[in-house]
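A.B. asks: Questions regarding the structure given below will be posed in turn.
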There are 2 protein chains.
Amino acid sequence: MTGRWAIIAPERANRPYELEEETLACPFCEGMESQTPAEVYSIRRDGTPPNQPGWFVRVFPNKYPALRRDISFWDVRDELYRVASGFGVHEVIVETPYHALDFSELPREQVVRVLTAYRERLCFFEREKDLQYGLIFKNQGIEAGASMRHAHSQFIATPFIPQVILEELEGAMNFYRKRKECPFCTLLTKELEKAVRLVVENDHFVAFVPYAARFPFEVMLLPTHHAASFQEETHFEDLAFVLGQVLRGVRECSGMSSFNFVLHTAPYHITNEVEKSYHWHFEILPAFLRAAGFEWGSGFSINVMRPEEAAQRLRLCLGLGGR
Amino acid sequence: MTGRWAIIAPERANRPYELEEETLACPFCEGMESQTPAEVYSIRRDGTPPNQPGWFVRVFPNKYPALRRDISFWDVRDELYRVASGFGVHEVIVETPYHALDFSELPREQVVRVLTAYRERLCFFEREKDLQYGLIFKNQGIEAGASMRHAHSQFIATPFIPQVILEELEGAMNFYRKRKECPFCTLLTKELEKAVRLVVENDHFVAFVPYAARFPFEVMLLPTHHAASFQEETHFEDLAFVLGQVLRGVRECSGMSSFNFVLHTAPYHITNEVEKSYHWHFEILPAFLRAAGFEWGSGFSINVMRPEEAAQRLRLCLGLGGR
């Protein structure tokens with residue numbers, strides 16, 4: 001009735017919760033490559049063979065996948081229900097060989113490698129006919145839903161366009177049809193002009209607290225040039241700088257290291273209109289508020305901090321001065 | 001762009017977190033009436049005056065409201081943003097005078113009183129012209145977003161129909177237009193027939209695990225007779241029995257006492273078509289999973305337990321036998 005999908009994945013109930021216990025050996029560490037599924041992509045020192053030490057970033061299928069590539073895609077519906085096979089992709093992107101580093105502590109060249117891995121995995125599945133969408137996201141800390149401490153992101157590709165993205169696409173398209181402009185381009189021009197919610201910017205990127213932020217220190221990060229898909233992006237040095245600043249700010253201002261970020265990018269097979277009206281971006285969400293009954297029941301959120309106040313605090317703690 | 005609303009309520013940052021500290025005196029306890037705003041409704045022993053001991057259920061305005069009645073309603077939009085005043089209602093419904101009881105331990109006649117209070121508060125604001133929706137919900141336990149331990153629910157009335165409800169209304173209306181039937185009536189006939197996801201039923205109510213449950217032990221509870229609004233409901237004895245059973249089952253099966261429930265009822269001012277296509281219900285959500293990056297970014301959820309398995313476990317632990 002609502003168009004909402006639930007992925008039923010009983011196998012995931014068996015995955016280890018490394019964060020809850022002291023473990024001797026982390027399978028995401030350098031030297032432990034035999035403990036994970038075989039890698040499908042890596043950025044590594046010249047001459048080092050796959051599944052051996054020597055990597056900077058390493059990608060392999062999730063051992064406890066929400067969706068799987070080794071089954072075929074099917075989709076059936078009756079008057080009330082719709083069901084599809086659990087076809088899709090679920091990969092782990094290990095962001096550093098070192099166990100103790102968190103994403104916001106990575107040197108800029110390492111963040112560039114992680115961003116490159118994001119782009120490569122998104123591109124790799126672009127032409128697979130039954131896949132409609134590729135989603136990159138990161139859960140850091142148990143409060144953010146992570147089950148492993150070692151810094152990693154995840155990639156999930158789905159045979160449907162996620163509802164959250166569909167709603168954005170529709171909103172953007174409606175705006176575009178009326179005004180012949182990308183709403184995100186309009187938005188960032190306005191935010192740069194007013195500057196009251198700005199966090200950090202450079203030549204190619206800008207990060208600000210959204211006008212209707214759902215949480216304290218929620219941040220939106222987007223390119224100042226129009227681009228529907230992350231796959232088109234090349235300014236990774238600049239992006240790594242802005243993303244790093246935002247994550248450092250969020251960590252310090254929220255007083256905790258847990259957060260989520262999600263890359264919102266255009267679906268795989270798009271029309272000219274989506275190309276013109278959508279604009280890829282990151283959503284960064286500190287994980288210190290849980291959804292309660294009101295949020296579940298309404299879709300409204302209650303934010304106890306004015307977005308302008310959050311932006312001011314983030315700027316101050318990054319040494320950028322208030323506005 | 002997405003139609004999503006955020007309520008900005010900095011005052012709520014100051015509310016006390018009773019659950020995090022040992023407090024000597026709980027303002028929700030009998031005898032502490034002077035510590036709360038004046039009551040707006042209560043069910044109490046004959047002859048006891050308001051704001052004094054002698055009550056069974058007591059309702060008063062939230063001291064740290066998300067929305068307030070003492071300001072006027074206004075609503076402005078430009079090309080990108082929409083903003084409204086924080087007009088609305090936010091009340092606390094204390095479910096028992098006793099500090100140590102939780103909702104699933106309340107005797108049936110007490111649950112009937114709580115349900116009566118829900119109906120009365122919903123009815124009270126029905127004719128206020130700037131209010132479109134009344135939402136009843138409960139957060140029990142800190143994992144579920146509660147800030148006070150003493151058993152209570154909340155009532156929030158809003159000048160807009162919440163997006164979650166709008167989506168349900170639209171889905172229900174589409175179904176009704178095609179088939180001239182309420183989709184919820186069709187759904188419950190099917191679920192009663194198949195019985196694989198049934199949890200508990202009696203003459204007037206049925207509770208089952210939804211086909212696309214988002215969490216283990218998520219339960220939907222609805223009347224077997226068609227009714228768009230909770231305000232029409234009179235079979236509170238039967239409802240109290242089924243709700244009590246479900247909450248006991250969820251507590252035992254999930255191994256924890258935290259949960260949320262949300263009453264989904266029709267908006268205040270409805271058309272004949274909504275009357276015929278919508279069907280009030282409770283959504284009960286155990287709070288042991290947090291939304292992580294994937295859920296935020298997609299709207300998909302990942303459920304590690306098959307709905308049929310969850311229903312079977314709930315039935316077994318309630319002594320109702322498997323199916």
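A note on labels: chains of the structure tokens are A, B, ... as shown, every chain counts residues from 1, and ligands are counted from 1 in their shown order.
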Using only C-alpha atoms, which residues sit within 9 Å of range 241-246 of chain B once same-chain residues fewer than 2 positions away are excluded, as an NGL selection string?
C.D. replies: :B and (103-108 or 111 or 199-202 or 205-207 or 219 or 221 or 236-239 or 248-251 or 282 or 284 or 314 or 318)
A.B. asks: I need the chain B residues near chain A as a PyMOL selection string; criterion: at most 7 Å, counting only C-alpha atoms.
C.D. replies: chain B and resi 1-2+4-13+66+137-139+144-145+162-165+167-168+171-172+212-214+260-262+290-294+297-306
A.B. asks: Applying 9 Å and only C-alpha atoms, which residues near Glu30 in chain A remain after dropping the ones on its own chain fewer than 4 positions away? List them as a ChimeraX atom specification.
C.D. replies: /A:52-55,96-99
A.B. asks: Residues as selected, N, CA, C and O atoms, written as a compact mmCIF listing (two decimals), in the first residue's frame, can you do that?
C.D. replies:
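Written file, result-v8.txt:
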```
# COMPACT_ATOMS: atom_id res chain seq x y z
N GLN A 52 46.28 -10.38 -0.80
CA GLN A 52 47.51 -10.39 -0.02
C GLN A 52 47.69 -9.00 0.57
O GLN A 52 47.04 -8.06 0.11
N PRO A 53 48.55 -8.84 1.56
CA PRO A 53 48.82 -7.49 2.07
C PRO A 53 49.34 -6.57 0.96
O PRO A 53 49.71 -7.05 -0.11
N GLY A 54 49.37 -5.27 1.25
CA GLY A 54 49.87 -4.31 0.27
C GLY A 54 48.79 -3.38 -0.26
O GLY A 54 49.05 -2.51 -1.06
N TRP A 55 47.55 -3.53 0.24
CA TRP A 55 46.44 -2.71 -0.26
C TRP A 55 46.25 -1.44 0.58
O TRP A 55 46.64 -1.38 1.74
N THR A 96 40.80 1.49 5.14
CA THR A 96 42.21 1.61 5.56
C THR A 96 42.70 0.25 6.04
O THR A 96 41.92 -0.52 6.60
N PRO A 97 43.98 -0.07 5.83
CA PRO A 97 44.49 -1.33 6.38
C PRO A 97 44.65 -1.30 7.90
O PRO A 97 44.82 -2.34 8.52
N TYR A 98 44.62 -0.12 8.48
CA TYR A 98 44.92 0.03 9.92
C TYR A 98 43.66 0.00 10.77
O TYR A 98 42.71 0.74 10.52
N HIS A 99 43.67 -0.82 11.79
CA HIS A 99 42.49 -1.06 12.61
C HIS A 99 42.04 0.17 13.39
O HIS A 99 40.85 0.40 13.58
```
A.B. asks: To test your reading of the structure, identify every residue in range 158-280 of chain B that backbone DSSP assigns to helix (DSSP H, G or I), and report it as an MDAnalysis selection string.
C.D. replies: chainID B and resid 163:179 183:194 230:232 236:254 272:277
A.B. asks: Could you check the closest approach to Tyr41 in chain B for each of B:His226, B:Arg113, B:His269, B:Arg15 and tell me which residue wins, using only C-alpha atoms?
C.D. replies: B:Arg113
A.B. asks: At what distance in Å, to one decimal, does CA of Pro65 in chain A lie from CA of His90 in chain A?
C.D. replies: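 Rounded to one decimal, the two atoms are 5.6 Å apart.
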A.B. asks: So which one's closest to Ala100 in chain A, A:Cys26, A:Leu115, A:Val40, A:Met32? Using only C-alpha atoms, please.
C.D. replies: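 Under the stated criterion, the closest residue is A:Cys26.
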A.B. asks: Could you check which of B:Ala266, B:Val274, B:Ala195, B:Met256 is closest to Gly134 in chain B, using only C-alpha atoms?
C.D. replies: B:Ala266
A.B. asks: As a list in words, which residues of range 182-319 of chain B does DSSP assign to strand (DSSP E)?
C.D. replies: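 Across range 182-319 of chain B, those assigned strand (DSSP E) are Leu198, Val199, Val200, Glu201, Phe205, Val206, Ala207, Phe208, Val219, Met220, Leu221, Leu222, Pro223, Phe259, Asn260, Phe261, Val262, Leu263, His264, His281, Phe282, Glu283, Ile284, Leu285, Pro286, Ser301, Ile302 and Asn303 of chain B.
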A.B. asks: Filtering to C-alpha atoms, could you give me those residues as a PDB file, in the first residue's frame?
C.D. replies:
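The file below, result01.pdb, is the result:
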```pdb
ATOM      1  CA  LEU B 198      -1.426 -14.281  12.835  1.00  0.00           C
ATOM      2  CA  VAL B 199      -0.489 -13.493  16.418  1.00  0.00           C
ATOM      3  CA  VAL B 200      -3.756 -13.139  18.334  1.00  0.00           C
ATOM      4  CA  GLU B 201      -7.396 -12.438  17.520  1.00  0.00           C
ATOM      5  CA  PHE B 205      -9.635  -7.341  16.694  1.00  0.00           C
ATOM      6  CA  VAL B 206      -6.791  -9.141  15.030  1.00  0.00           C
ATOM      7  CA  ALA B 207      -3.030  -8.738  15.393  1.00  0.00           C
ATOM      8  CA  PHE B 208      -0.546 -10.095  12.869  1.00  0.00           C
ATOM      9  CA  VAL B 219       2.972  -6.222  14.754  1.00  0.00           C
ATOM     10  CA  MET B 220      -0.073  -4.602  13.154  1.00  0.00           C
ATOM     11  CA  LEU B 221      -3.300  -4.571  15.179  1.00  0.00           C
ATOM     12  CA  LEU B 222      -6.626  -3.624  13.638  1.00  0.00           C
ATOM     13  CA  PRO B 223     -10.368  -3.941  14.120  1.00  0.00           C
ATOM     14  CA  PHE B 259       9.071  -0.600  22.284  1.00  0.00           C
ATOM     15  CA  ASN B 260       7.131   2.023  20.361  1.00  0.00           C
ATOM     16  CA  PHE B 261       3.558   1.954  19.307  1.00  0.00           C
ATOM     17  CA  VAL B 262       1.773   4.380  17.059  1.00  0.00           C
ATOM     18  CA  LEU B 263      -1.933   4.742  16.403  1.00  0.00           C
ATOM     19  CA  HIS B 264      -2.658   5.278  12.723  1.00  0.00           C
ATOM     20  CA  HIS B 281      -4.714   0.428  13.261  1.00  0.00           C
ATOM     21  CA  PHE B 282      -1.860   0.236  15.743  1.00  0.00           C
ATOM     22  CA  GLU B 283       1.711  -0.327  14.641  1.00  0.00           C
ATOM     23  CA  ILE B 284       3.813  -1.937  17.380  1.00  0.00           C
ATOM     24  CA  LEU B 285       7.592  -1.758  16.908  1.00  0.00           C
ATOM     25  CA  PRO B 286      10.113  -3.339  19.267  1.00  0.00           C
ATOM     26  CA  SER B 301      14.628  -1.922   5.766  1.00  0.00           C
ATOM     27  CA  ILE B 302      16.519  -5.136   6.433  1.00  0.00           C
ATOM     28  CA  ASN B 303      14.674  -7.584   8.651  1.00  0.00           C
TER      29      ASN B 303
END
```
A.B. asks: What is the distance between CA of Gln132 in chain A and CA of Phe28 in chain A, in Å to one decimal?
C.D. replies: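 Rounded to one decimal, the two atoms are 28.8 Å apart.
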A.B. asks: Which neighbours of Glu233 in chain A fall inside 10 Å, counting only C-alpha atoms, when residues of the same chain fewer than 4 positions from it are skipped, and could you give them as a ChimeraX atom specification?
C.D. replies: /A:115-116,119,223,225,227-229,239,280
A.B. asks: Just the selected residues (all heavy atoms), exported as a PDB file, in the first residue's frame, please.
C.D. replies:
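Result file is again38.pdb:
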```
ATOM      1  N   LEU A 115      37.107   7.419  -2.066  1.00  0.00           N
ATOM      2  CA  LEU A 115      36.145   8.008  -3.007  1.00  0.00           C
ATOM      3  C   LEU A 115      36.285   7.375  -4.391  1.00  0.00           C
ATOM      4  O   LEU A 115      35.293   7.132  -5.086  1.00  0.00           O
ATOM      5  CB  LEU A 115      36.344   9.524  -3.083  1.00  0.00           C
ATOM      6  CG  LEU A 115      36.064  10.302  -1.784  1.00  0.00           C
ATOM      7  CD1 LEU A 115      36.554  11.753  -1.913  1.00  0.00           C
ATOM      8  CD2 LEU A 115      34.575  10.278  -1.429  1.00  0.00           C
ATOM      9  N   THR A 116      37.513   7.081  -4.767  1.00  0.00           N
ATOM     10  CA  THR A 116      37.759   6.415  -6.051  1.00  0.00           C
ATOM     11  C   THR A 116      37.108   5.025  -6.055  1.00  0.00           C
ATOM     12  O   THR A 116      36.474   4.626  -7.032  1.00  0.00           O
ATOM     13  CB  THR A 116      39.277   6.288  -6.299  1.00  0.00           C
ATOM     14  OG1 THR A 116      39.858   7.586  -6.188  1.00  0.00           O
ATOM     15  CG2 THR A 116      39.565   5.703  -7.669  1.00  0.00           C
ATOM     16  N   ARG A 119      33.417   5.353  -6.622  1.00  0.00           N
ATOM     17  CA  ARG A 119      33.087   5.586  -8.029  1.00  0.00           C
ATOM     18  C   ARG A 119      33.239   4.311  -8.857  1.00  0.00           C
ATOM     19  O   ARG A 119      32.385   3.970  -9.671  1.00  0.00           O
ATOM     20  CB  ARG A 119      33.981   6.692  -8.598  1.00  0.00           C
ATOM     21  CG  ARG A 119      33.585   7.089 -10.012  1.00  0.00           C
ATOM     22  CD  ARG A 119      34.517   8.138 -10.589  1.00  0.00           C
ATOM     23  NE  ARG A 119      35.901   7.674 -10.547  1.00  0.00           N
ATOM     24  CZ  ARG A 119      36.960   8.481 -10.624  1.00  0.00           C
ATOM     25  NH1 ARG A 119      36.805   9.792 -10.739  1.00  0.00           N
ATOM     26  NH2 ARG A 119      38.188   7.986 -10.564  1.00  0.00           N
ATOM     27  N   PRO A 223      28.420  19.152  -4.919  1.00  0.00           N
ATOM     28  CA  PRO A 223      29.314  19.877  -5.830  1.00  0.00           C
ATOM     29  C   PRO A 223      28.663  21.182  -6.266  1.00  0.00           C
ATOM     30  O   PRO A 223      27.449  21.234  -6.456  1.00  0.00           O
ATOM     31  CB  PRO A 223      29.478  18.921  -7.013  1.00  0.00           C
ATOM     32  CG  PRO A 223      28.278  18.034  -6.975  1.00  0.00           C
ATOM     33  CD  PRO A 223      27.868  17.930  -5.539  1.00  0.00           C
ATOM     34  N   HIS A 225      29.217  22.532  -9.080  1.00  0.00           N
ATOM     35  CA  HIS A 225      28.899  22.342 -10.503  1.00  0.00           C
ATOM     36  C   HIS A 225      27.781  21.309 -10.621  1.00  0.00           C
ATOM     37  O   HIS A 225      27.703  20.386  -9.812  1.00  0.00           O
ATOM     38  CB  HIS A 225      30.138  21.875 -11.264  1.00  0.00           C
ATOM     39  CG  HIS A 225      30.856  20.742 -10.586  1.00  0.00           C
ATOM     40  ND1 HIS A 225      31.678  20.924  -9.488  1.00  0.00           N
ATOM     41  CD2 HIS A 225      30.856  19.405 -10.813  1.00  0.00           C
ATOM     42  CE1 HIS A 225      32.159  19.767  -9.083  1.00  0.00           C
ATOM     43  NE2 HIS A 225      31.673  18.815  -9.857  1.00  0.00           N
ATOM     44  N   ALA A 227      25.923  18.083 -11.508  1.00  0.00           N
ATOM     45  CA  ALA A 227      26.254  16.703 -11.899  1.00  0.00           C
ATOM     46  C   ALA A 227      25.239  15.776 -11.255  1.00  0.00           C
ATOM     47  O   ALA A 227      25.107  15.754 -10.031  1.00  0.00           O
ATOM     48  CB  ALA A 227      27.667  16.347 -11.454  1.00  0.00           C
ATOM     49  N   ALA A 228      24.507  15.016 -12.067  1.00  0.00           N
ATOM     50  CA  ALA A 228      23.474  14.124 -11.532  1.00  0.00           C
ATOM     51  C   ALA A 228      24.088  12.911 -10.849  1.00  0.00           C
ATOM     52  O   ALA A 228      23.596  12.438  -9.838  1.00  0.00           O
ATOM     53  CB  ALA A 228      22.530  13.683 -12.647  1.00  0.00           C
ATOM     54  N   SER A 229      25.202  12.404 -11.399  1.00  0.00           N
ATOM     55  CA  SER A 229      25.784  11.155 -10.901  1.00  0.00           C
ATOM     56  C   SER A 229      27.167  11.367 -10.307  1.00  0.00           C
ATOM     57  O   SER A 229      28.001  12.067 -10.885  1.00  0.00           O
ATOM     58  CB  SER A 229      25.918  10.144 -12.037  1.00  0.00           C
ATOM     59  OG  SER A 229      24.651   9.836 -12.552  1.00  0.00           O
ATOM     60  N   LEU A 239      36.986  17.251  -2.793  1.00  0.00           N
ATOM     61  CA  LEU A 239      35.898  16.590  -2.082  1.00  0.00           C
ATOM     62  C   LEU A 239      36.407  15.990  -0.772  1.00  0.00           C
ATOM     63  O   LEU A 239      35.769  16.114   0.280  1.00  0.00           O
ATOM     64  CB  LEU A 239      35.278  15.510  -2.972  1.00  0.00           C
ATOM     65  CG  LEU A 239      34.179  14.646  -2.352  1.00  0.00           C
ATOM     66  CD1 LEU A 239      33.056  15.493  -1.759  1.00  0.00           C
ATOM     67  CD2 LEU A 239      33.605  13.676  -3.387  1.00  0.00           C
ATOM     68  N   TRP A 280      23.943  15.047  -7.457  1.00  0.00           N
ATOM     69  CA  TRP A 280      24.389  14.120  -6.408  1.00  0.00           C
ATOM     70  C   TRP A 280      24.820  14.883  -5.162  1.00  0.00           C
ATOM     71  O   TRP A 280      25.238  16.032  -5.232  1.00  0.00           O
ATOM     72  CB  TRP A 280      25.489  13.181  -6.938  1.00  0.00           C
ATOM     73  CG  TRP A 280      26.852  13.770  -7.088  1.00  0.00           C
ATOM     74  CD1 TRP A 280      27.423  14.242  -8.223  1.00  0.00           C
ATOM     75  CD2 TRP A 280      27.819  13.935  -6.046  1.00  0.00           C
ATOM     76  NE1 TRP A 280      28.683  14.706  -7.965  1.00  0.00           N
ATOM     77  CE2 TRP A 280      28.957  14.528  -6.633  1.00  0.00           C
ATOM     78  CE3 TRP A 280      27.836  13.654  -4.688  1.00  0.00           C
ATOM     79  CZ2 TRP A 280      30.106  14.839  -5.900  1.00  0.00           C
ATOM     80  CZ3 TRP A 280      28.971  13.961  -3.942  1.00  0.00           C
ATOM     81  CH2 TRP A 280      30.093  14.545  -4.556  1.00  0.00           C
TER      82      TRP A 280
END
```
A.B. asks: Work out how far CA of Lys129 in chain B is from CA of Pro159 in chain B, in Å to one decimal.
C.D. replies: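 According to the coordinates, CA of Pro159 in chain B and CA of Lys129 in chain B are separated by 8.9 Å.
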